[in-house]
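Below is final-v7.cif, which holds mmCIF, C-alpha atoms.
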data_start
loop_
_atom_site.label_atom_id
_atom_site.label_comp_id
_atom_site.auth_asym_id
_atom_site.auth_seq_id
_atom_site.Cartn_x
_atom_site.Cartn_y
_atom_site.Cartn_z
CA MET A 1 116.23 21.39 -22.76
CA ASN A 2 119.41 21.65 -24.77
CA GLY A 3 121.51 18.64 -25.72
CA LEU A 4 123.81 18.93 -22.71
CA GLU A 5 120.91 19.01 -20.29
CA TYR A 6 119.75 15.64 -21.61
CA LEU A 7 123.24 14.28 -21.00
CA ASP A 8 123.27 15.83 -17.53
CA ARG A 9 120.17 13.81 -16.66
CA ILE A 10 121.93 10.61 -17.75
CA ALA A 11 125.03 11.62 -15.78
CA ALA A 12 122.95 12.38 -12.68
CA ALA A 13 121.42 8.88 -12.77
CA LEU A 14 124.76 7.20 -13.45
CA GLY A 15 126.33 9.21 -10.62
CA LYS A 16 124.03 7.45 -8.15
CA LEU A 17 125.62 4.10 -8.92
CA PRO A 18 128.37 2.78 -6.63
CA GLY A 19 131.89 3.96 -7.38
CA ILE A 20 130.86 6.48 -10.05
CA GLY A 21 131.98 10.04 -9.41
CA ARG A 22 130.53 13.11 -11.07
CA ARG A 23 133.33 13.34 -13.65
CA SER A 24 133.14 9.66 -14.61
CA ALA A 25 129.37 9.93 -14.95
CA GLU A 26 129.77 12.90 -17.31
CA ARG A 27 132.30 11.07 -19.43
CA MET A 28 130.02 8.03 -19.60
CA ALA A 29 127.03 10.19 -20.61
CA PHE A 30 129.09 11.74 -23.41
CA ARG A 31 130.17 8.36 -24.61
CA LEU A 32 126.53 7.28 -24.69
CA ALA A 33 125.50 10.34 -26.71
CA TRP A 34 128.25 9.72 -29.20
CA GLU A 35 126.90 6.44 -30.39
CA PRO A 36 123.15 6.95 -30.22
CA ASP A 37 122.44 3.71 -32.06
CA GLY A 38 125.02 1.66 -30.22
CA VAL A 39 125.59 1.56 -26.49
CA MET A 40 122.74 3.92 -25.58
CA ARG A 41 120.18 1.72 -27.37
CA GLU A 42 121.74 -1.44 -25.91
CA LEU A 43 121.76 -0.11 -22.35
CA GLY A 44 118.27 1.37 -22.75
CA GLY A 45 116.91 -1.96 -23.99
CA ALA A 46 118.64 -3.94 -21.26
CA LEU A 47 117.26 -1.60 -18.59
CA ARG A 48 113.74 -1.77 -20.01
CA ASP A 49 113.77 -5.58 -20.15
CA ALA A 50 115.21 -5.83 -16.64
CA GLN A 51 112.63 -3.39 -15.31
CA GLU A 52 109.84 -5.52 -16.76
CA ASN A 53 111.22 -8.89 -15.77
CA VAL A 54 113.62 -8.72 -12.81
CA ARG A 55 112.22 -8.88 -9.31
CA LEU A 56 113.59 -9.55 -5.86
CA CYS A 57 112.32 -12.80 -4.35
CA SER A 58 109.58 -11.99 -1.85
CA GLN A 59 110.98 -14.60 0.52
CA CYS A 60 114.79 -14.57 0.40
CA GLY A 61 115.41 -11.31 -1.48
CA SER A 62 117.54 -12.84 -4.24
CA ILE A 63 117.45 -11.68 -7.86
CA THR A 64 114.71 -13.52 -9.75
CA THR A 65 112.12 -12.93 -12.48
CA VAL A 66 108.42 -12.07 -12.41
CA ALA A 67 107.72 -15.66 -13.39
CA GLU A 68 109.57 -17.08 -10.38
CA VAL A 69 108.47 -15.47 -7.15
CA PRO A 70 109.35 -17.06 -4.73
CA CYS A 71 112.60 -17.99 -6.44
CA LYS A 72 114.08 -21.38 -7.23
CA LEU A 73 116.44 -21.15 -4.25
CA CYS A 74 113.38 -20.97 -2.00
CA THR A 75 111.25 -23.58 -3.77
CA ASN A 76 113.79 -26.19 -4.85
CA PRO A 77 112.91 -29.26 -2.72
CA SER A 78 116.42 -30.71 -3.10
CA ARG A 79 117.93 -27.84 -1.12
CA ASP A 80 118.37 -28.17 2.64
CA ALA A 81 115.37 -26.42 4.24
CA SER A 82 116.78 -26.73 7.76
CA VAL A 83 119.42 -24.01 7.37
CA VAL A 84 119.24 -20.36 6.31
CA CYS A 85 122.15 -18.13 5.35
CA VAL A 86 121.74 -14.43 6.23
CA VAL A 87 123.47 -12.03 3.80
CA GLN A 88 123.57 -8.30 3.27
CA ASP A 89 122.69 -8.05 -0.46
CA PRO A 90 121.35 -10.18 -3.32
CA SER A 91 124.86 -10.06 -4.83
CA ASP A 92 126.20 -11.99 -1.81
CA ILE A 93 123.83 -14.83 -2.70
CA VAL A 94 125.35 -14.97 -6.18
CA ALA A 95 128.85 -15.13 -4.69
CA LEU A 96 127.88 -17.93 -2.30
CA GLU A 97 126.04 -19.91 -5.01
CA ARG A 98 129.16 -19.70 -7.18
CA THR A 99 131.06 -21.72 -4.55
CA GLY A 100 128.66 -24.68 -4.79
CA ALA A 101 129.51 -25.28 -1.11
CA TYR A 102 126.12 -24.28 0.29
CA LYS A 103 122.80 -25.94 -0.45
CA GLY A 104 120.40 -24.35 2.04
CA ARG A 105 118.04 -21.35 1.99
CA TYR A 106 118.97 -17.66 1.97
CA HIS A 107 117.76 -14.43 3.51
CA ALA A 108 119.03 -11.06 2.25
CA LEU A 109 118.73 -8.20 4.72
CA MET A 110 118.96 -5.54 1.98
CA GLY A 111 121.52 -3.57 3.93
CA ILE A 112 123.26 -3.50 7.28
CA ILE A 113 122.76 -1.39 10.36
CA SER A 114 124.73 1.75 9.63
CA PRO A 115 123.95 4.80 11.78
CA MET A 116 126.46 6.79 9.74
CA HIS A 117 124.38 6.23 6.59
CA GLY A 118 121.08 6.63 8.41
CA GLU A 119 120.23 2.93 8.19
CA GLY A 120 118.63 1.47 11.31
CA PRO A 121 117.25 -2.00 12.09
CA GLY A 122 113.87 -0.87 10.74
CA ASP A 123 115.34 -0.51 7.25
CA LEU A 124 116.40 -4.15 7.09
CA ARG A 125 114.33 -7.27 6.45
CA LEU A 126 114.65 -8.37 10.09
CA GLN A 127 110.98 -8.97 10.91
CA ALA A 128 110.77 -11.15 7.82
CA LEU A 129 113.77 -13.14 9.08
CA ILE A 130 112.21 -13.74 12.50
CA GLN A 131 108.95 -14.78 10.87
CA ARG A 132 110.73 -17.20 8.58
CA VAL A 133 112.70 -18.72 11.46
CA GLU A 134 109.43 -19.27 13.30
CA LYS A 135 107.41 -20.52 10.33
CA GLU A 136 110.01 -22.50 8.40
CA GLY A 137 111.63 -23.99 11.50
CA PHE A 138 115.29 -23.53 10.54
CA GLN A 139 117.70 -25.42 12.79
CA GLU A 140 120.68 -23.26 11.89
CA VAL A 141 121.11 -19.57 10.95
CA ILE A 142 124.47 -18.85 9.31
CA MET A 143 125.56 -15.20 9.43
CA ALA A 144 127.35 -14.53 6.16
CA LEU A 145 127.95 -10.84 6.71
CA GLY A 146 131.15 -8.85 6.24
CA THR A 147 133.90 -8.51 8.83
CA ASP A 148 133.74 -4.72 9.14
CA VAL A 149 132.46 -3.09 12.33
CA GLU A 150 128.95 -2.36 11.01
CA SER A 151 128.44 -5.90 9.70
CA GLU A 152 129.58 -7.41 12.97
CA ALA A 153 127.29 -5.11 14.93
CA THR A 154 124.43 -6.21 12.67
CA ALA A 155 125.27 -9.88 13.27
CA ASN A 156 125.28 -9.29 17.03
CA TYR A 157 121.95 -7.47 16.80
CA ILE A 158 120.41 -10.43 14.95
CA ALA A 159 121.92 -12.88 17.44
CA GLU A 160 120.18 -10.94 20.19
CA LEU A 161 116.85 -11.03 18.31
CA LEU A 162 117.10 -14.79 17.80
CA LYS A 163 118.18 -15.60 21.36
CA ALA A 164 114.72 -16.77 22.38
CA HIS A 165 114.47 -19.12 19.41
CA ALA A 166 115.79 -22.67 19.49
CA VAL A 167 118.13 -22.21 16.58
CA ARG A 168 121.89 -22.72 16.19
CA LEU A 169 123.67 -19.48 15.26
CA THR A 170 126.91 -19.68 13.30
CA ARG A 171 129.00 -17.31 11.21
CA LEU A 172 131.42 -17.72 8.33
CA ALA A 173 135.01 -18.40 9.38
CA SER A 174 137.38 -15.48 9.02
CA GLY A 175 141.12 -15.93 8.55
CA ILE A 176 143.89 -15.88 5.98
CA PRO A 177 142.50 -15.75 2.40
CA VAL A 178 143.48 -18.75 0.26
CA GLY A 179 146.59 -17.92 -1.78
CA SER A 180 147.85 -15.34 0.73
CA GLY A 181 150.57 -15.63 3.36
CA VAL A 182 150.87 -15.03 7.10
CA MET A 183 153.11 -12.00 6.64
CA TYR A 184 150.55 -10.24 4.44
CA SER A 185 147.70 -10.61 6.94
CA ASP A 186 146.83 -7.87 9.38
CA ALA A 187 146.88 -8.49 13.13
CA VAL A 188 143.09 -8.69 13.55
CA THR A 189 142.73 -11.24 10.74
CA LEU A 190 145.61 -13.28 12.16
CA SER A 191 144.22 -13.31 15.68
CA ARG A 192 140.87 -14.49 14.22
CA ALA A 193 142.74 -17.19 12.32
CA ILE A 194 144.49 -18.32 15.51
CA LYS A 195 141.25 -18.38 17.52
CA GLY A 196 139.50 -20.33 14.79
CA ARG A 197 142.37 -22.77 14.16
CA GLN A 198 141.36 -26.25 13.11
CA THR A 199 142.73 -29.72 13.80
CA LEU A 200 144.70 -31.15 10.88
CA MET B 1 116.39 -15.75 -19.12
CA ASN B 2 116.84 -15.84 -15.38
CA GLY B 3 117.19 -12.69 -13.28
CA LEU B 4 120.98 -12.67 -13.38
CA GLU B 5 121.04 -12.90 -17.16
CA TYR B 6 119.02 -9.68 -17.37
CA LEU B 7 121.57 -8.02 -15.11
CA ASP B 8 124.41 -9.44 -17.20
CA ARG B 9 122.97 -7.65 -20.22
CA ILE B 10 122.96 -4.35 -18.33
CA ALA B 11 126.50 -5.02 -17.10
CA ALA B 12 127.68 -5.82 -20.64
CA ALA B 13 126.37 -2.48 -21.92
CA LEU B 14 127.79 -0.53 -18.97
CA GLY B 15 131.13 -2.31 -19.45
CA LYS B 16 131.46 -0.64 -22.86
CA LEU B 17 131.59 2.79 -21.27
CA PRO B 18 134.97 4.43 -20.61
CA GLY B 19 136.69 3.50 -17.35
CA ILE B 20 134.16 0.80 -16.39
CA GLY B 21 135.67 -2.62 -15.78
CA ARG B 22 133.75 -5.87 -15.74
CA ARG B 23 133.51 -5.96 -11.94
CA SER B 24 132.32 -2.34 -11.63
CA ALA B 25 129.71 -2.95 -14.33
CA GLU B 26 128.40 -5.96 -12.41
CA ARG B 27 128.20 -4.01 -9.18
CA MET B 28 126.36 -1.19 -10.98
CA ALA B 29 123.89 -3.62 -12.57
CA PHE B 30 123.15 -5.12 -9.14
CA ARG B 31 122.59 -1.72 -7.69
CA LEU B 32 120.17 -0.92 -10.51
CA ALA B 33 118.21 -4.15 -9.92
CA TRP B 34 117.96 -3.40 -6.25
CA GLU B 35 115.91 -0.30 -6.67
CA PRO B 36 113.74 -1.12 -9.66
CA ASP B 37 111.61 1.98 -9.19
CA GLY B 38 114.48 4.32 -8.44
CA VAL B 39 117.71 4.61 -10.34
CA MET B 40 116.83 2.05 -13.03
CA ARG B 41 113.68 3.96 -13.98
CA GLU B 42 115.51 7.29 -13.83
CA LEU B 43 118.39 6.11 -16.00
CA GLY B 44 116.05 4.33 -18.39
CA GLY B 45 113.94 7.48 -18.80
CA ALA B 46 116.97 9.72 -19.25
CA LEU B 47 118.39 7.38 -21.91
CA ARG B 48 115.07 7.20 -23.76
CA ASP B 49 114.66 10.99 -23.78
CA ALA B 50 118.27 11.50 -24.88
CA GLN B 51 117.90 8.91 -27.63
CA GLU B 52 114.85 10.74 -28.96
CA ASN B 53 116.19 14.25 -28.64
CA VAL B 54 119.98 14.42 -28.62
CA ARG B 55 121.82 14.60 -31.92
CA LEU B 56 125.29 15.54 -33.05
CA CYS B 57 125.37 18.74 -35.10
CA SER B 58 125.67 17.83 -38.78
CA GLN B 59 128.16 20.66 -39.27
CA CYS B 60 130.45 20.92 -36.24
CA GLY B 61 129.67 17.65 -34.47
CA SER B 62 128.74 19.21 -31.13
CA ILE B 63 125.97 17.89 -28.88
CA THR B 64 122.65 19.41 -29.88
CA THR B 65 118.95 18.51 -30.15
CA VAL B 66 116.77 17.33 -33.03
CA ALA B 67 115.25 20.82 -33.07
CA GLU B 68 118.62 22.52 -33.58
CA VAL B 69 120.59 20.96 -36.43
CA PRO B 70 122.84 22.74 -37.31
CA CYS B 71 123.49 23.84 -33.73
CA LYS B 72 123.51 27.31 -32.20
CA LEU B 73 127.31 27.41 -32.25
CA CYS B 74 127.15 27.09 -36.05
CA THR B 75 124.22 29.43 -36.67
CA ASN B 76 124.76 32.19 -34.09
CA PRO B 77 125.59 35.27 -36.21
CA SER B 78 127.37 36.99 -33.32
CA ARG B 79 130.10 34.34 -33.29
CA ASP B 80 133.26 34.87 -35.33
CA ALA B 81 132.76 32.97 -38.62
CA SER B 82 136.35 33.54 -39.75
CA VAL B 83 137.93 31.03 -37.37
CA VAL B 84 137.31 27.33 -36.72
CA CYS B 85 138.60 25.29 -33.79
CA VAL B 86 139.33 21.62 -34.54
CA VAL B 87 138.74 19.27 -31.60
CA GLN B 88 138.72 15.53 -31.04
CA ASP B 89 135.30 15.03 -29.35
CA PRO B 90 132.06 16.92 -28.66
CA SER B 91 133.11 17.01 -24.99
CA ASP B 92 136.12 19.17 -25.93
CA ILE B 93 133.70 21.78 -27.31
CA VAL B 94 131.94 21.88 -23.93
CA ALA B 95 135.29 22.38 -22.15
CA LEU B 96 136.28 25.21 -24.51
CA GLU B 97 132.87 26.90 -24.29
CA ARG B 98 133.15 26.84 -20.50
CA THR B 99 136.20 29.14 -20.75
CA GLY B 100 134.24 31.86 -22.56
CA ALA B 101 137.58 32.71 -24.24
CA TYR B 102 136.63 31.51 -27.71
CA LYS B 103 133.83 32.86 -29.88
CA GLY B 104 134.39 31.18 -33.26
CA ARG B 105 133.14 28.01 -34.96
CA TYR B 106 134.02 24.41 -34.10
CA HIS B 107 134.73 21.17 -35.91
CA ALA B 108 134.84 17.87 -34.00
CA LEU B 109 136.82 15.11 -35.72
CA MET B 110 135.05 12.36 -33.70
CA GLY B 111 138.34 10.68 -32.89
CA ILE B 112 142.03 10.88 -33.64
CA ILE B 113 144.29 8.90 -35.92
CA SER B 114 145.24 5.90 -33.80
CA PRO B 115 146.67 2.90 -35.68
CA MET B 116 146.84 1.02 -32.37
CA HIS B 117 143.06 1.25 -32.01
CA GLY B 118 142.43 0.68 -35.72
CA GLU B 119 141.41 4.30 -36.34
CA GLY B 120 142.68 5.76 -39.61
CA PRO B 121 142.12 9.14 -41.29
CA GLY B 122 139.05 7.68 -43.03
CA ASP B 123 137.30 7.27 -39.65
CA LEU B 124 137.53 10.99 -38.87
CA ARG B 125 135.48 13.91 -40.19
CA LEU B 126 138.40 15.18 -42.26
CA GLN B 127 136.69 15.51 -45.65
CA ALA B 128 133.95 17.53 -43.95
CA LEU B 129 136.64 19.81 -42.48
CA ILE B 130 138.27 20.44 -45.88
CA GLN B 131 134.86 21.15 -47.42
CA ARG B 132 133.99 23.60 -44.65
CA VAL B 133 137.35 25.39 -44.99
CA GLU B 134 136.66 25.77 -48.72
CA LYS B 135 133.00 26.70 -48.44
CA GLU B 136 132.96 28.81 -45.27
CA GLY B 137 136.26 30.57 -46.05
CA PHE B 138 137.83 30.37 -42.59
CA GLN B 139 140.92 32.53 -42.19
CA GLU B 140 142.28 30.57 -39.24
CA VAL B 141 142.15 26.92 -38.20
CA ILE B 142 143.04 26.36 -34.53
CA MET B 143 144.14 22.83 -33.64
CA ALA B 144 142.79 22.19 -30.15
CA LEU B 145 143.91 18.57 -29.92
CA GLY B 146 145.72 16.81 -27.08
CA THR B 147 149.47 16.83 -26.57
CA ASP B 148 149.96 13.05 -26.74
CA VAL B 149 151.76 11.45 -29.70
CA GLU B 150 148.60 10.39 -31.56
CA SER B 151 146.95 13.80 -31.24
CA GLU B 152 150.07 15.56 -32.49
CA ALA B 153 150.35 13.15 -35.42
CA THR B 154 146.71 13.92 -36.24
CA ALA B 155 147.40 17.68 -36.09
CA ASN B 156 150.36 17.25 -38.44
CA TYR B 157 148.25 15.18 -40.81
CA ILE B 158 145.59 17.91 -40.94
CA ALA B 159 148.26 20.59 -41.44
CA GLU B 160 149.48 18.64 -44.46
CA LEU B 161 145.92 18.38 -45.85
CA LEU B 162 145.34 22.12 -45.47
CA LYS B 163 148.71 23.16 -46.91
CA ALA B 164 147.22 24.09 -50.27
CA HIS B 165 144.56 26.29 -48.65
CA ALA B 166 145.17 29.93 -47.82
CA VAL B 167 144.44 29.54 -44.15
CA ARG B 168 146.42 30.33 -41.02
CA LEU B 169 147.10 27.21 -38.93
CA THR B 170 147.60 27.57 -35.18
CA ARG B 171 147.51 25.29 -32.18
CA LEU B 172 146.77 25.77 -28.48
CA ALA B 173 149.77 26.81 -26.38
CA SER B 174 151.22 24.08 -24.24
CA GLY B 175 153.18 24.81 -21.07
CA ILE B 176 152.93 24.86 -17.29
CA PRO B 177 149.32 24.45 -16.10
CA VAL B 178 148.00 27.39 -14.08
CA GLY B 179 148.48 26.73 -10.38
CA SER B 180 151.41 24.39 -10.88
CA GLY B 181 155.14 25.01 -10.46
CA VAL B 182 158.26 24.62 -12.59
CA MET B 183 159.59 21.77 -10.46
CA TYR B 184 156.44 19.70 -10.99
CA SER B 185 156.54 19.98 -14.79
CA ASP B 186 158.12 17.28 -16.92
CA ALA B 187 161.00 18.11 -19.29
CA VAL B 188 158.92 18.02 -22.49
CA THR B 189 156.31 20.39 -21.07
CA LEU B 190 159.00 22.73 -19.79
CA SER B 191 160.85 22.82 -23.11
CA ARG B 192 157.52 23.67 -24.81
CA ALA B 193 156.97 26.41 -22.24
CA ILE B 194 160.45 27.83 -22.95
CA LYS B 195 159.97 27.73 -26.72
CA GLY B 196 156.58 29.40 -26.40
CA ARG B 197 157.70 32.02 -23.85
CA GLN B 198 155.93 35.36 -24.05
CA THR B 199 157.02 38.96 -23.54
CA LEU B 200 155.87 40.36 -20.18
#
Would you mind writing the file's structure down as structure tokens?
Amino acid sequence: MNGLEYLDRIAAALGKLPGIGRRSAERMAFRLAWEPDGVMRELGGALRDAQENVRLCSQCGSITTVAEVPCKLCTNPSRDASVVCVVQDPSDIVALERTGAYKGRYHALMGIISPMHGEGPGDLRLQALIQRVEKEGFQEVIMALGTDVESEATANYIAELLKAHAVRLTRLASGIPVGSGVMYSDAVTLSRAIKGRQTL
Amino acid sequence: MNGLEYLDRIAAALGKLPGIGRRSAERMAFRLAWEPDGVMRELGGALRDAQENVRLCSQCGSITTVAEVPCKLCTNPSRDASVVCVVQDPSDIVALERTGAYKGRYHALMGIISPMHGEGPGDLRLQALIQRVEKEGFQEVIMALGTDVESEATANYIAELLKAHAVRLTRLASGIPVGSGVMYSDAVTLSRAIKGRQTL
């Protein structure tokens, strides 16, 4: 292999990451080659350490370490074990934890139903969810999925699956984002906000 | 370290690459953690191999391998040894080689003079250029730098340095890009195109 072919391999891997086009990946690979003792070593080391230590929680699917499977979110006895929050990705758990407004369990689906991207119900952690609902006896399942068509279809699919179970199904409120105004909101968001209006 | 701290380290390294903001780097790190046996392994392997094998040519600064220092561009006897093309980065050499229109030697400066980014003449491979001009006896030095203010200042600085040497100094033509029209060109580009007009 010549030098450029080595960089092409880096670019090919980088190009698989979200939001990175072929040209950006090439520019990044060049930048890495430029400072062989700097960023390349740093990124290489970080990747190696993460590969050795980072795992997804076998129960909820959140980011954890080899030493903590199941993760703290699943084992912490001071968290509310009667409610589970269903999310698409581990990164959603991080976003929700940042709020400090939720103290229950989580369940990451690792995707959503997306026929366009070849992802069906079988690709998600749905069986694991049903099993947890049965075994852990949650009283409430909160759907914390997106508000796009595919996410809503996924939420409806799950609602159907859980119909037979004695569990309260809820979903996150949708409406005007904090800091925004009525005139900047689209019609669908506004009609959701009207439907979900709350007593002052 | 918890799982997220490992990802933060990956994100911090990725965030040093060109065009990658903090948020993109975080999203990329999450994506890497998601598929520990896929992209993370692939990128890690590609980085390790590149770190072991890729080097910058000691003479021209192009991307090469440990096994080929100086690089083929410097040692190939069928290339024109009487002309050297001065570029900013190794990636510029790749772009010029892709044209097939140039068959001489190269010299990458590894940057341009940019007081705003704390880069002075001492940070560039300028002494090496002077030494090569003296030792290799180039008859022509082609400035293949950008057309922004800093690149032009760098070209002028090099022209001043080479004044005492019996060498022809040229620079790449600037003008209307192929495929574009007069009305889409800015005034500075157009005035360059007029000044550099050629007999049909």
- Query: Residues at most 6 Å from Met28 of chain B, counting all atoms listed in the file, excluding those fewer than 3 positions away in the same chain, as a list in words?
  - Reply: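 What passes the distance filter is Leu17 of chain A; Ala25 and Arg31 of chain B.
The coordinates place atom CA of Arg41 of chain A at 18.0 Å from atom CA of Thr64 of chain B.
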Return as a tab-separated table (two decimals) with C-alpha atoms, in the coordinates of the input the residues belonging to chain A that are within 7 Å of chain B, counting all atoms listed in the file.
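Saved to selection.tsv:
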chain	number	residue	atom	x	y	z
A	2	ASN	CA	119.41	21.65	-24.77
A	3	GLY	CA	121.51	18.64	-25.72
A	4	LEU	CA	123.81	18.93	-22.71
A	6	TYR	CA	119.75	15.64	-21.61
A	7	LEU	CA	123.24	14.28	-21.00
A	9	ARG	CA	120.17	13.81	-16.66
A	10	ILE	CA	121.93	10.61	-17.75
A	13	ALA	CA	121.42	8.88	-12.77
A	14	LEU	CA	124.76	7.20	-13.45
A	17	LEU	CA	125.62	4.10	-8.92
A	18	PRO	CA	128.37	2.78	-6.63
A	28	MET	CA	130.02	8.03	-19.60
A	30	PHE	CA	129.09	11.74	-23.41
A	31	ARG	CA	130.17	8.36	-24.61
A	36	PRO	CA	123.15	6.95	-30.22
A	39	VAL	CA	125.59	1.56	-26.49
A	40	MET	CA	122.74	3.92	-25.58
A	42	GLU	CA	121.74	-1.44	-25.91
A	43	LEU	CA	121.76	-0.11	-22.35
A	44	GLY	CA	118.27	1.37	-22.75
A	46	ALA	CA	118.64	-3.94	-21.26
A	47	LEU	CA	117.26	-1.60	-18.59
A	48	ARG	CA	113.74	-1.77	-20.01
A	50	ALA	CA	115.21	-5.83	-16.64
A	51	GLN	CA	112.63	-3.39	-15.31
A	54	VAL	CA	113.62	-8.72	-12.81
A	63	ILE	CA	117.45	-11.68	-7.86
A	64	THR	CA	114.71	-13.52	-9.75
A	65	THR	CA	112.12	-12.93	-12.48
A	91	SER	CA	124.86	-10.06	-4.83
- Item | Shortest interatomic distance to Asn76 of chain A - which of A:Arg22, A:Ile130, A:Arg171, A:Lys103, counting all atoms listed in the file |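 Looking only at the distances to Asn76 of chain A, the closest residue turns out to be A:Lys103.
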- Task: I would like the residues chosen by the PyMOL selection byres ((chain B and resi 141-149) around 8) on the shown file; could you give them as number ranges by chain?
- Result: B: 83-88, 138-140, 150-153, 155, 167-172, 174
- Rank B:Ala81, B:Ile93, B:Cys60, B:Ile112 by their smallest atom-to-atom distance to Asn156 of chain B, using only C-alpha atoms, and report the top residue only. B:Ile112
- Residue contacts of Ala128 of chain A (10 Å, only C-alpha atoms) excluding same-chain residues fewer than 2 positions away, as a PyMOL selection string: chain A and resi 58-60+107-109+124-126+130-134
Keeping only C-alpha atoms, write those residues as a PDB file, keeping the file's coordinate frame.
ATOM      1  CA  SER A  58     109.580 -11.990  -1.850  1.00  0.00           C
ATOM      2  CA  GLN A  59     110.980 -14.600   0.520  1.00  0.00           C
ATOM      3  CA  CYS A  60     114.790 -14.570   0.400  1.00  0.00           C
ATOM      4  CA  HIS A 107     117.760 -14.430   3.510  1.00  0.00           C
ATOM      5  CA  ALA A 108     119.030 -11.060   2.250  1.00  0.00           C
ATOM      6  CA  LEU A 109     118.730  -8.200   4.720  1.00  0.00           C
ATOM      7  CA  LEU A 124     116.400  -4.150   7.090  1.00  0.00           C
ATOM      8  CA  ARG A 125     114.330  -7.270   6.450  1.00  0.00           C
ATOM      9  CA  LEU A 126     114.650  -8.370  10.090  1.00  0.00           C
ATOM     10  CA  ILE A 130     112.210 -13.740  12.500  1.00  0.00           C
ATOM     11  CA  GLN A 131     108.950 -14.780  10.870  1.00  0.00           C
ATOM     12  CA  ARG A 132     110.730 -17.200   8.580  1.00  0.00           C
ATOM     13  CA  VAL A 133     112.700 -18.720  11.460  1.00  0.00           C
ATOM     14  CA  GLU A 134     109.430 -19.270  13.300  1.00  0.00           C
TER      15      GLU A 134
END
- Message: Quick check, in Å to one decimal: how far apart do atom CA of Arg105 of chain B and atom CA of Val69 of chain B lie?
- Response: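 That distance, rounded to one decimal, is 14.5 Å.
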- Query: Between atom CA of Pro70 of chain B and atom CA of Cys57 of chain B, what is the spacing in Å?
  - Reply: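 Separation of atom CA of Cys57 of chain B and atom CA of Pro70 of chain B: 5.2 Å.
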Polymer residues at most 9 Å from Ala173 of chain B, only C-alpha atoms, same-chain spacing of 3 or more positions, as a short mmCIF file (atom, residue, chain, number, x, y, z; two decimals) with C-alpha atoms, in the coordinates of the input:
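Saved result, around-v6.cif, follows:
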data_model
loop_
_atom_site.label_atom_id
_atom_site.label_comp_id
_atom_site.auth_asym_id
_atom_site.auth_seq_id
_atom_site.Cartn_x
_atom_site.Cartn_y
_atom_site.Cartn_z
CA ARG B 192 157.52 23.67 -24.81
CA ALA B 193 156.97 26.41 -22.24
CA GLY B 196 156.58 29.40 -26.40
#
Work out where the centre of an axis-aligned box around every listed atom of segment 107-122 of chain A lies and how long its edges are once 3 Å is added on each side; give both in Å to one decimal as JSON.
{"center_x": 120.2, "center_y": -3.8, "center_z": 7.0, "size_x": 18.6, "size_y": 27.2, "size_z": 16.1}
- Message: Can you pull out the residues contacting Asp186 of chain A? Cut-off 10 Å, using all atoms listed in the file, and skip same-chain residues under 5 positions away; I want them as a PyMOL selection string.
- Response: chain A and resi 175-176+191
